[in-house]
Amino acid sequence: MIPNAAEIRKLSVLSFSWLTVIFVAVWGVCWLVGILIPALLANSSFDFARAVSEICEAITPLLAVMVFIPINAMFMVLMERRVLALFTRRNGPNRVGPDGALQTAADAIKLLLKEDITPTGADAAMFTLAPIIFFAPSIFGAIPLLAAVTNNNKLFQIADLPTGIFFVLAASSIPVVGIVMGGWASNNKYSLMGGLRSAAQAISYEIPLVLSIITICLLAGTLDVVSIAKQQSGGILNWNILGGGALTGLNKAIAAFISSAGPPIAEVIKTYYPYGWLSLIGVIVLCLCTIILFGIYLIGACAEINRIPFDLPEAESELVSGYNTEYSGIKFAIFFLAEFTNLFIVSTIAVVMFLGGGDCPLPTWLNPLSYPAVYIPLTNILSPILSLLIDKIHLINPDTFWAALWVILKTYSLVFFAILVRGTLPRFRIDQLMDFGWKRLVPITLVIFVLVAFARGVINFHV
Amino acid sequence: MEQFELLTNWAQANVESFMLYLLAAIAIPCAFSVLFDRAIIRSGFFLIGVFGAISGLFLILQAQFLALAQIMIYAVGITLVVVIALMLTNARLEKEFSSIEPTERIGGLLVAALFFLTIYLALRSESWPVSSLQMRADNVLQIGVALLTNYALPFEFASVLLLAALMGAILLAKSDPKETENVTGSLVE
Amino acid sequence: MTSIQSACVRKVKQKKVAIDTQVPEFKTDEMIINLGPQHPSTHGVLRLILTLDGEVVKHTECVIGHLHRAQEWQGQNRTWFQYQALIDRVDYLSGMFTSWALCAAAEKIDGAVVPERAEYLRVLVAELNRISSHLLWLGTYLIDLGALYGFPFYPFIEREKILTFFEEVAGQRMMYNYIRIGGVQRDPKASWFKKVEEFTKQFAQRIDEYEAIVTENPIFLKRTKDVGILNKEVAMAYGVTGPTLRASGVAYDLRRFKPYSVYPKLEFTVPVYNKHGDTWDRYMARVQEMRESNEIIKQVLDMLPEGEIMTKKQNAGLRVKAGEGFAAVESPRGVLGCYIISNGSDKAYRFKWRNPSFSNLSVLPPLLENRPLSDIMAIFGSLDIIIPDVDR
Amino acid sequence: MIKENENVKAMNSSAVPVSIAFAVVVVGMVGVYVCGHLVVWLQNLGLNSFASYPELFVFIAIILLAMLAAAMPGSHRISIISIAAFAGFVALTYNQEILIKYLSLAALLFSIGMYGMVASRNAVRVLMSIELMLNAVNLNLVAFARYVDPVHVRGQVFAIFILTVAAAEAAVGLAIVLAIYRNTATVDMEKFNLLKW
């Protein structure tokens, strides 16, 4: 039936094992540093030990990001190559390690050992600074998201950020400075053109990107990433991609219809949709608007992180490799790492803002685990092991586990989509890119912003 | 252990000024480099350092929203526009004209130094009504409410100003082939 | 100050004053960029010296000769037998055609009659080769347009099949040396024909697949429509041939207008795109040509007669009678001509090749003028140039 | 794409001035501690008005040392000036309240921007200096909002307005510079006298 079923099977095994490794590594390190060491030091009488345990707890989120980013980027590069090979019916890298699983690790080692060349006439300081400026924001940007995607686990809260999504957006706007800086400092015309293109592109596409996110913030009524993710819990009907809670009333009404003990349906509908047909129009408008917004966000994000079809700054067939033409060795590795990390972070933002964060897509009334008849026997069977792991040594936090699992699944679906796009589309030309950004996306987003502001008035949200 | 306690207490009391000096140590050299660096595009990049350090100061001052806006608008937006303007204008001309007359330079230096000293002495002699209250964590909300109630009129003016500036900038930067033909003849010496 | 005053006064006096000749014009620096010889998308070692104003190309200078191998001189210093093996390296994507042009010219001098089965076999392998060459072009052209990793390798699946056919019949995947003076080298087995027949059945579907992905893709249309428009007159003045010329609206195909071999007996149309002559038309011309070639192969498989395949003995003493002769074939890139002066010895006295890529490349500078940098690859790729074919 | 290699050359031959600049920092740090004794000494002499500004003496010493260092041949002046300015800033504000530290930093940045406005001839650099000054003002306002008016954060609201005006100013200013550059092929401020007759 499927021509390359064997390849697909291999790829899924590969992905599963890599994701397990990432999961275990990040969680293991965080548990060790954030829970085990503080727990061991808690009973100590030395002040110094207390200070150490405090420091350990404080650096856990940072450590999680630092462990996660390189391993994850390695897996993403491998996945991209294998998936593209699948699309074009080739074999991807399959020599290093079992079925090519260690190919990117080998690449990384090779890049680290390569000579680090600074071209003649380059501005050495700026040339070195550029990859750092390109990479550092992705770490900072990941931190507020970390709390949102782990169901607000205490371990991963670095600070209370009431302006979380704004923080992420500010962080994600910095890398373009690194690109321009690297392009200028390389003393290479191709690099310079890549840098200039990148600046123009990033400034133009940041507007639809930020506007789409701001519209979602308008729907949610807050800038805090954690509470935006929390609001959407309760299945796909509550997600921001479907009207951002415009369908919450419907969700509640169905739940009330199914369970006989709930409030009457008419009352539920009356509370959520107080204006009758006006509310109905509002719901339809909101659903359409948010779906379009999701598309606009994906387009803007693609342009922001220079993926095909918007990869003009590093257009390989025109500008050789654009801004990173002159880079080699570890600096190139950092550029490469940051590129894939940015892809992941952008997808995570999409998941948190549109796809419900760590929420199970099934509505509560469809989810078998939400019925006591199912989960009580299940927990009874598993309790001897689970209570040890959960309550005694705090190895597992079930909420965090499920949230992280769903987030990883959703994020990797988006990454897969990005790879699919990369495998299909040619590249825009720079003037067409600008036209598309300014004449199509910006007006559409502005109109949607106004529509959403009005439509939100006729529906009750998340009561 | 007492010393450790003392140390931690001292650190907690002085962490803000320590951070201030750290960021000042970034901001001041970057500001000087903006003025004196001979490769002018590099001085454009140093401007990012100044803005970044000031945004760090805003974070210490618990103005989160302003700090992030500072990064987005100044450190990325404006600086990139400045750098692109530097690349578009011929940077090589700077070299020819970089030596300004020493009298002007010394005059400027004197004015700037005297200005700083005056301000500093004025600051010192003043007793500031420092409030002991802590700031509320959600001052974004406060700013938003203030902008739409007490400061609604300036807010509107600001938006009109932005719109006018946007249109004016586009008109100014647009090269109109018909106009330039006539204007070039009369404007150039 | 006075000059400004006077200028303004002058402007008031005579309203339509011309620009003062002494006034320095606003000068922008033009950037000179070396595109190549190591650039990833010049398909070899072509060097383009581009003068850019911003991202707009103002002037192009093609520097060729990085891959010059003196193929004509080598032909004069090698025996016929040796040169037969060497010549399909000129155009490494369609080696059958260079061999065929050489053999046709030599046979014209020699008066050697090629057996009919050999003629049919020549047409068969040549059309297969045309398809494989266009398939490779399709993949690399999409790389030029930026579809870097996905689609480009897709046509290679079919190309791989064709190369396997050639390997079976000629022993080589790229440098075939299959068409020889006086016939063809080897008669393929019956099973080979069956495989080719199966391939032709599938291939029509495959082209539909490619077209479904590429032809109506909005980004592809944006990048190729109205880009690099090559007028009929310009194309003919520069001596452009092949699909590039036919996309400009000139139905010039040697197979139809100066028929050689068994082409008169075959039914096929010469696809002409008299729309604009832009890059999209050139793409369509090649896609249509693949369909036509597929039809030709089907017919040849039906009409293939039994019989001899070679009239001359193939050994080191291979000689061609004294005389002069010219023969041209329609290669995937255009008219490929070979002119030979033979003095009857085991070496030719003089060779002269007419290579289509050389003339097609010469039209590049006028096409690139006032186009943005991104269009260079869209236009250059659509001309389908093989650098060894340019430099020989 | 101009690269200045002169800086690199200067760096190599500036070991002595840099060590002097290091001395500047040491003097600044030591001076802060000496100040306390200086105050007592001056008060004993009966110079109470001078005694109220002891940091100024350290500041002047630092400036003199820095001028000496900057006058050395082949010195890397930007680093020496910046180090001296930072050391002077520390010396001036070390014993002050936190609010005054912010305000004096803002004043310092403002005067740097002021000097840049007067002394540079490249129009874009003048614009950069103006941005610097606006930022210094913003810093003032935010510091006031934090320490004087933490309840209604009026300083931050005004800072937002200044941000808006600065963005507009940058856009229009650069557009004007580009327009003039297009017509006169120069960004030299001295040549920008088109409105003068």
# chains A, B, ... in the order shown; residues from 1 in each chain; ligands from 1

call {"tool": "residues_around", "arguments": {"residues": "stretch 363-378 of chain C", "least_positions_apart": "4", "cutoff": "8 Å", "atoms": "only C-alpha atoms", "output": "short mmCIF file (atom, residue, chain, number, x, y, z; two decimals) with C-alpha atoms, in the first residue's frame"}}
result
data_model
loop_
_atom_site.label_atom_id
_atom_site.label_comp_id
_atom_site.auth_asym_id
_atom_site.auth_seq_id
_atom_site.Cartn_x
_atom_site.Cartn_y
_atom_site.Cartn_z
CA SER A 317 21.22 29.32 -4.80
CA GLU A 318 21.60 33.10 -4.81
CA ARG A 429 11.73 36.85 -4.37
CA ILE A 430 12.47 39.76 -2.03
CA SER C 41 24.18 27.32 -8.49
CA GLU C 55 19.97 44.14 -5.85
CA VAL C 56 19.35 44.99 -9.49
CA VAL C 57 21.70 43.71 -12.13
CA LYS C 58 23.02 46.46 -14.36
CA HIS C 59 25.57 44.62 -16.38
CA THR C 60 26.62 41.02 -16.77
CA GLU C 61 29.81 39.61 -18.12
CA CYS C 62 30.10 35.88 -18.60
CA TYR C 141 15.96 24.17 -11.73
CA ASP C 144 17.79 27.20 -8.29
CA LEU C 145 14.39 28.50 -7.34
CA ARG C 223 9.02 33.42 -9.66
CA THR C 224 8.79 32.38 -13.31
CA VAL C 227 10.61 36.77 -15.80
CA GLY C 228 13.42 36.72 -18.34
CA ILE C 229 11.28 37.32 -21.40
CA LEU C 230 13.17 36.26 -24.53
CA ALA C 235 16.47 34.61 -29.65
CA TYR C 238 21.65 35.21 -30.82
CA VAL C 240 19.42 30.27 -29.58
CA THR C 279 10.95 31.16 -17.94
CA SER C 359 24.83 30.13 -28.14
CA SER C 382 15.81 28.06 -17.40
#

call {"tool": "interface_residues", "arguments": {"of": "chain A", "to": "chain C", "cutoff": "8 Å", "atoms": "only C-alpha atoms", "output": "list in words"}}
result
Leu84, Ala85, Phe87, Thr88, Arg89, Lys189, Ile308, Pro309, Ala315, Glu316, Ser317, Glu318, Val320, Arg422, Gly423, Thr424, Leu425, Pro426, Arg427, Phe428, Arg429, Ile430 and Gln432 of chain A

call {"tool": "interface_residues", "arguments": {"of": "chain A", "to": "chain B", "cutoff": "8 Å", "atoms": "only C-alpha atoms", "output": "list in words"}}
result
Asp47, Phe48, Pro162, Thr163, Phe166, Phe167, Ala170, Ser173, Ile174, Val176, Val177, Met181, Leu196, Ala199 and Ile203 of chain A

call {"tool": "write_last_selection", "arguments": {"atoms": "all heavy atoms", "output": "JSON list (two decimals), in the first residue's frame"}}
result
[["chain", "number", "residue", "atom", "x", "y", "z"],
["A", 47, "ASP", "N", 24.40, 26.81, 57.02],
["A", 47, "ASP", "CA", 23.74, 27.82, 56.20],
["A", 47, "ASP", "C", 24.20, 27.71, 54.76],
["A", 47, "ASP", "O", 23.43, 27.91, 53.83],
["A", 47, "ASP", "CB", 24.08, 29.22, 56.72],
["A", 47, "ASP", "CG", 23.47, 29.43, 58.07],
["A", 47, "ASP", "OD1", 22.45, 28.78, 58.33],
["A", 47, "ASP", "OD2", 24.02, 30.23, 58.84],
["A", 48, "PHE", "N", 25.46, 27.39, 54.65],
["A", 48, "PHE", "CA", 26.05, 27.30, 53.31],
["A", 48, "PHE", "C", 25.30, 26.28, 52.47],
["A", 48, "PHE", "O", 24.97, 26.51, 51.31],
["A", 48, "PHE", "CB", 27.52, 26.91, 53.44],
["A", 48, "PHE", "CG", 28.22, 26.84, 52.14],
["A", 48, "PHE", "CD1", 28.45, 28.01, 51.41],
["A", 48, "PHE", "CD2", 28.64, 25.63, 51.61],
["A", 48, "PHE", "CE1", 29.10, 27.95, 50.21],
["A", 48, "PHE", "CE2", 29.28, 25.57, 50.40],
["A", 48, "PHE", "CZ", 29.51, 26.73, 49.71],
["A", 162, "PRO", "N", 4.40, 38.74, 34.54],
["A", 162, "PRO", "CA", 3.04, 39.07, 34.07],
["A", 162, "PRO", "C", 3.01, 39.46, 32.60],
["A", 162, "PRO", "O", 1.96, 39.48, 31.99],
["A", 162, "PRO", "CB", 2.62, 40.24, 34.96],
["A", 162, "PRO", "CG", 3.87, 40.77, 35.53],
["A", 162, "PRO", "CD", 4.87, 39.68, 35.54],
["A", 163, "THR", "N", 4.18, 39.74, 32.02],
["A", 163, "THR", "CA", 4.22, 40.11, 30.61],
["A", 163, "THR", "C", 4.89, 39.01, 29.80],
["A", 163, "THR", "O", 5.69, 39.28, 28.91],
["A", 163, "THR", "CB", 4.98, 41.42, 30.42],
["A", 163, "THR", "OG1", 6.24, 41.27, 31.08],
["A", 163, "THR", "CG2", 4.26, 42.58, 31.00],
["A", 166, "PHE", "N", 4.99, 38.93, 25.92],
["A", 166, "PHE", "CA", 5.73, 40.09, 25.44],
["A", 166, "PHE", "C", 7.23, 39.83, 25.57],
["A", 166, "PHE", "O", 8.01, 40.17, 24.68],
["A", 166, "PHE", "CB", 5.31, 41.29, 26.28],
["A", 166, "PHE", "CG", 5.50, 42.59, 25.58],
["A", 166, "PHE", "CD1", 5.02, 42.78, 24.31],
["A", 166, "PHE", "CD2", 6.12, 43.64, 26.21],
["A", 166, "PHE", "CE1", 5.18, 43.98, 23.68],
["A", 166, "PHE", "CE2", 6.29, 44.84, 25.59],
["A", 166, "PHE", "CZ", 5.82, 45.02, 24.32],
["A", 167, "PHE", "N", 7.58, 39.18, 26.67],
["A", 167, "PHE", "CA", 8.99, 38.81, 26.89],
["A", 167, "PHE", "C", 9.47, 37.90, 25.76],
["A", 167, "PHE", "O", 10.54, 38.09, 25.17],
["A", 167, "PHE", "CB", 9.10, 38.11, 28.23],
["A", 167, "PHE", "CG", 10.50, 37.78, 28.66],
["A", 167, "PHE", "CD1", 11.21, 38.68, 29.41],
["A", 167, "PHE", "CD2", 11.08, 36.59, 28.31],
["A", 167, "PHE", "CE1", 12.50, 38.40, 29.80],
["A", 167, "PHE", "CE2", 12.36, 36.29, 28.69],
["A", 167, "PHE", "CZ", 13.08, 37.20, 29.44],
["A", 170, "ALA", "N", 9.83, 39.84, 22.55],
["A", 170, "ALA", "CA", 11.02, 40.70, 22.56],
["A", 170, "ALA", "C", 12.27, 39.87, 22.34],
["A", 170, "ALA", "O", 13.16, 40.25, 21.57],
["A", 170, "ALA", "CB", 11.10, 41.45, 23.88],
["A", 173, "SER", "N", 12.75, 38.83, 18.79],
["A", 173, "SER", "CA", 13.05, 39.87, 17.79],
["A", 173, "SER", "C", 14.54, 40.18, 17.76],
["A", 173, "SER", "O", 15.00, 40.85, 16.85],
["A", 173, "SER", "CB", 12.25, 41.12, 18.08],
["A", 173, "SER", "OG", 12.76, 41.76, 19.22],
["A", 174, "ILE", "N", 15.29, 39.72, 18.76],
["A", 174, "ILE", "CA", 16.72, 40.09, 18.82],
["A", 174, "ILE", "C", 17.57, 39.39, 17.76],
["A", 174, "ILE", "O", 18.46, 40.02, 17.20],
["A", 174, "ILE", "CB", 17.26, 39.83, 20.24],
["A", 174, "ILE", "CG1", 16.57, 40.77, 21.22],
["A", 174, "ILE", "CG2", 18.76, 40.09, 20.30],
["A", 174, "ILE", "CD1", 16.98, 40.56, 22.63],
["A", 176, "VAL", "N", 17.71, 38.92, 14.75],
["A", 176, "VAL", "CA", 17.99, 39.60, 13.49],
["A", 176, "VAL", "C", 19.19, 40.54, 13.62],
["A", 176, "VAL", "O", 19.96, 40.72, 12.67],
["A", 176, "VAL", "CB", 16.73, 40.33, 13.00],
["A", 176, "VAL", "CG1", 16.33, 41.41, 13.95],
["A", 176, "VAL", "CG2", 16.97, 40.92, 11.65],
["A", 177, "VAL", "N", 19.39, 41.08, 14.83],
["A", 177, "VAL", "CA", 20.56, 41.92, 15.05],
["A", 177, "VAL", "C", 21.83, 41.09, 14.82],
["A", 177, "VAL", "O", 22.78, 41.55, 14.18],
["A", 177, "VAL", "CB", 20.54, 42.50, 16.48],
["A", 177, "VAL", "CG1", 21.83, 43.22, 16.76],
["A", 177, "VAL", "CG2", 19.39, 43.44, 16.64],
["A", 181, "MET", "N", 24.61, 41.86, 12.07],
["A", 181, "MET", "CA", 25.97, 42.05, 12.57],
["A", 181, "MET", "C", 26.93, 41.06, 11.91],
["A", 181, "MET", "O", 27.99, 41.44, 11.40],
["A", 181, "MET", "CB", 25.95, 41.81, 14.08],
["A", 181, "MET", "CG", 27.08, 42.41, 14.83],
["A", 181, "MET", "SD", 26.90, 41.93, 16.55],
["A", 181, "MET", "CE", 26.31, 43.43, 17.23],
["A", 196, "LEU", "N", 21.23, 42.37, 5.13],
["A", 196, "LEU", "CA", 20.28, 43.45, 4.83],
["A", 196, "LEU", "C", 18.90, 42.90, 4.52],
["A", 196, "LEU", "O", 17.89, 43.41, 4.98],
["A", 196, "LEU", "CB", 20.79, 44.28, 3.65],
["A", 196, "LEU", "CG", 21.90, 45.25, 4.00],
["A", 196, "LEU", "CD1", 22.34, 45.99, 2.76],
["A", 196, "LEU", "CD2", 21.42, 46.24, 5.03],
["A", 199, "ALA", "N", 17.22, 41.90, 7.67],
["A", 199, "ALA", "CA", 16.69, 43.02, 8.45],
["A", 199, "ALA", "C", 15.35, 43.46, 7.88],
["A", 199, "ALA", "O", 14.36, 43.60, 8.60],
["A", 199, "ALA", "CB", 17.68, 44.17, 8.44],
["A", 203, "ILE", "N", 11.79, 42.93, 9.99],
["A", 203, "ILE", "CA", 11.01, 44.08, 10.43],
["A", 203, "ILE", "C", 9.61, 44.02, 9.82],
["A", 203, "ILE", "O", 8.62, 44.30, 10.47],
["A", 203, "ILE", "CB", 11.73, 45.39, 10.06],
["A", 203, "ILE", "CG1", 12.95, 45.56, 10.96],
["A", 203, "ILE", "CG2", 10.81, 46.57, 10.25],
["A", 203, "ILE", "CD1", 13.75, 46.78, 10.66]]

call {"tool": "residues_around", "arguments": {"residues": "C:Phe81", "least_positions_apart": "6", "cutoff": "10 Å", "atoms": "only C-alpha atoms", "output": "number ranges by chain"}}
result
C: 180-181, 314-319, 346-347

call {"tool": "residues_around", "arguments": {"residues": "stretch 263-276 of chain A", "least_positions_apart": "2", "cutoff": "7 Å", "atoms": "only C-alpha atoms", "output": "PDB file with N, CA, C and O atoms, in the first residue's frame"}}
result
ATOM      1  N   GLY A 249     -19.011  27.636  25.880  1.00  0.00           N
ATOM      2  CA  GLY A 249     -20.395  27.405  26.251  1.00  0.00           C
ATOM      3  C   GLY A 249     -20.926  26.129  25.629  1.00  0.00           C
ATOM      4  O   GLY A 249     -21.588  25.316  26.299  1.00  0.00           O
ATOM      5  N   ALA A 253     -22.281  22.919  27.479  1.00  0.00           N
ATOM      6  CA  ALA A 253     -23.634  22.450  27.223  1.00  0.00           C
ATOM      7  C   ALA A 253     -23.654  20.967  26.889  1.00  0.00           C
ATOM      8  O   ALA A 253     -24.497  20.213  27.379  1.00  0.00           O
ATOM      9  N   ALA A 256     -23.101  19.074  29.974  1.00  0.00           N
ATOM     10  CA  ALA A 256     -24.319  19.051  30.785  1.00  0.00           C
ATOM     11  C   ALA A 256     -25.334  18.086  30.206  1.00  0.00           C
ATOM     12  O   ALA A 256     -26.042  17.385  30.938  1.00  0.00           O
ATOM     13  N   PHE A 257     -25.385  18.013  28.873  1.00  0.00           N
ATOM     14  CA  PHE A 257     -26.319  17.101  28.218  1.00  0.00           C
ATOM     15  C   PHE A 257     -25.990  15.649  28.546  1.00  0.00           C
ATOM     16  O   PHE A 257     -26.861  14.825  28.770  1.00  0.00           O
ATOM     17  N   ALA A 261     -26.538  15.047  36.003  1.00  0.00           N
ATOM     18  CA  ALA A 261     -26.522  15.813  37.243  1.00  0.00           C
ATOM     19  C   ALA A 261     -26.241  17.290  37.023  1.00  0.00           C
ATOM     20  O   ALA A 261     -26.414  18.102  37.917  1.00  0.00           O
ATOM     21  N   LEU A 278     -27.000  37.262  17.758  1.00  0.00           N
ATOM     22  CA  LEU A 278     -25.819  38.114  17.699  1.00  0.00           C
ATOM     23  C   LEU A 278     -24.606  37.342  18.214  1.00  0.00           C
ATOM     24  O   LEU A 278     -23.509  37.384  17.633  1.00  0.00           O
ATOM     25  N   SER A 279     -24.848  36.606  19.293  1.00  0.00           N
ATOM     26  CA  SER A 279     -23.762  35.788  19.840  1.00  0.00           C
ATOM     27  C   SER A 279     -23.335  34.717  18.848  1.00  0.00           C
ATOM     28  O   SER A 279     -22.150  34.414  18.716  1.00  0.00           O
ATOM     29  N   LEU A 280     -24.316  34.161  18.157  1.00  0.00           N
ATOM     30  CA  LEU A 280     -24.007  33.123  17.169  1.00  0.00           C
ATOM     31  C   LEU A 280     -23.088  33.684  16.091  1.00  0.00           C
ATOM     32  O   LEU A 280     -22.061  33.078  15.740  1.00  0.00           O
ATOM     33  N   VAL A 458     -19.902  40.116  22.483  1.00  0.00           N
ATOM     34  CA  VAL A 458     -21.230  39.500  22.520  1.00  0.00           C
ATOM     35  C   VAL A 458     -21.201  38.078  23.050  1.00  0.00           C
ATOM     36  O   VAL A 458     -22.199  37.387  23.016  1.00  0.00           O
ATOM     37  N   ILE A 459     -20.046  37.649  23.558  1.00  0.00           N
ATOM     38  CA  ILE A 459     -19.951  36.290  24.102  1.00  0.00           C
ATOM     39  C   ILE A 459     -19.302  36.380  25.473  1.00  0.00           C
ATOM     40  O   ILE A 459     -18.441  37.232  25.706  1.00  0.00           O
ATOM     41  N   ASN A 460     -19.693  35.485  26.377  1.00  0.00           N
ATOM     42  CA  ASN A 460     -18.999  35.398  27.664  1.00  0.00           C
ATOM     43  C   ASN A 460     -17.890  34.377  27.567  1.00  0.00           C
ATOM     44  O   ASN A 460     -18.104  33.258  27.119  1.00  0.00           O
TER      45      ASN A 460
END

call {"tool": "residues_around", "arguments": {"residues": "B:Ala25", "least_positions_apart": "2", "cutoff": "10 Å", "atoms": "only C-alpha atoms", "output": "JSON, numbers by chain"}}
result
{"B": [19, 20, 21, 22, 23, 27, 28, 29, 30, 53], "D": [82, 83, 85, 86, 87, 89, 90]}

call {"tool": "residues_around", "arguments": {"residues": "C:Ser191", "least_positions_apart": "5", "cutoff": "12 Å", "atoms": "only C-alpha atoms", "output": "list in words"}}
result
Phe165, Glu168, Val169, Val196, Glu197 and Glu198 of chain C

call {"tool": "write_last_selection", "arguments": {"atoms": "N, CA and C atoms", "output": "mmCIF file, in the first residue's frame"}}
result
data_model
loop_
_atom_site.group_PDB
_atom_site.id
_atom_site.type_symbol
_atom_site.label_atom_id
_atom_site.label_comp_id
_atom_site.auth_asym_id
_atom_site.auth_seq_id
_atom_site.Cartn_x
_atom_site.Cartn_y
_atom_site.Cartn_z
ATOM 1 N N PHE C 165 18.817 1.529 -17.432
ATOM 2 C CA PHE C 165 18.674 0.984 -18.797
ATOM 3 C C PHE C 165 19.966 1.155 -19.563
ATOM 4 N N GLU C 168 22.692 -1.131 -18.578
ATOM 5 C CA GLU C 168 22.503 -2.487 -19.084
ATOM 6 C C GLU C 168 22.904 -2.590 -20.553
ATOM 7 N N VAL C 169 22.596 -1.541 -21.307
ATOM 8 C CA VAL C 169 22.814 -1.652 -22.736
ATOM 9 C C VAL C 169 24.210 -1.193 -23.141
ATOM 10 N N VAL C 196 11.698 -1.141 -20.786
ATOM 11 C CA VAL C 196 11.523 0.214 -21.308
ATOM 12 C C VAL C 196 10.051 0.482 -21.573
ATOM 13 N N GLU C 197 9.365 -0.538 -22.080
ATOM 14 C CA GLU C 197 7.941 -0.364 -22.362
ATOM 15 C C GLU C 197 7.165 -0.071 -21.076
ATOM 16 N N GLU C 198 7.493 -0.818 -20.038
ATOM 17 C CA GLU C 198 6.838 -0.569 -18.751
ATOM 18 C C GLU C 198 7.105 0.845 -18.279
#

call {"tool": "atom_distance", "arguments": {"atom1": "atom CA of D:Leu103", "atom2": "atom CA of B:Leu114"}}
result
16.0 Å

call {"tool": "closest_atom_pairs", "arguments": {"of": "chain A", "to": "chain D", "cutoff": "12 Å", "atoms": "only C-alpha atoms", "output": "JSON lines"}}
result
{"residue": "A:Thr120", "atom": "CA", "partner": "D:Lys3", "partner_atom": "CA", "distance": 10.4}
{"residue": "A:Gly121", "atom": "CA", "partner": "D:Lys3", "partner_atom": "CA", "distance": 6.6}
{"residue": "A:Ala122", "atom": "CA", "partner": "D:Lys3", "partner_atom": "CA", "distance": 7.5}
{"residue": "A:Asp123", "atom": "CA", "partner": "D:Lys3", "partner_atom": "CA", "distance": 7.1}
{"residue": "A:Ala124", "atom": "CA", "partner": "D:Val8", "partner_atom": "CA", "distance": 10.3}
{"residue": "A:Ala125", "atom": "CA", "partner": "D:Val8", "partner_atom": "CA", "distance": 11.1}
{"residue": "A:Met126", "atom": "CA", "partner": "D:Lys3", "partner_atom": "CA", "distance": 11.8}
{"residue": "A:Gly183", "atom": "CA", "partner": "D:Met1", "partner_atom": "CA", "distance": 10.6}
{"residue": "A:Trp184", "atom": "CA", "partner": "D:Met1", "partner_atom": "CA", "distance": 7.4}
{"residue": "A:Ala185", "atom": "CA", "partner": "D:Met1", "partner_atom": "CA", "distance": 8.5}
{"residue": "A:Ser186", "atom": "CA", "partner": "D:Met1", "partner_atom": "CA", "distance": 9.6}
{"residue": "A:Asn187", "atom": "CA", "partner": "D:Met1", "partner_atom": "CA", "distance": 6.7}
{"residue": "A:Asn188", "atom": "CA", "partner": "D:Met1", "partner_atom": "CA", "distance": 8.7}
{"residue": "A:Lys189", "atom": "CA", "partner": "D:Met1", "partner_atom": "CA", "distance": 8.8}
{"residue": "A:Ser191", "atom": "CA", "partner": "D:Met1", "partner_atom": "CA", "distance": 11.4}
{"residue": "A:Leu192", "atom": "CA", "partner": "D:Met1", "partner_atom": "CA", "distance": 8.9}
{"residue": "A:Met193", "atom": "CA", "partner": "D:Met1", "partner_atom": "CA", "distance": 11.7}

call {"tool": "select_by_dssp", "arguments": {"residues": "stretch 241-364 of chain C", "states": "strand (DSSP E or B)", "output": "list in words"}}
result
Met310, Gly323, Glu324, Gly325, Phe326, Ala327, Ala328, Val329, Glu330, Ser331, Gly334, Val335, Leu336, Gly337, Cys338, Tyr339, Ile340, Ile341, Ser342, Lys347, Ala348, Tyr349, Arg350, Phe351, Lys352, Trp353 and Arg354 of chain C
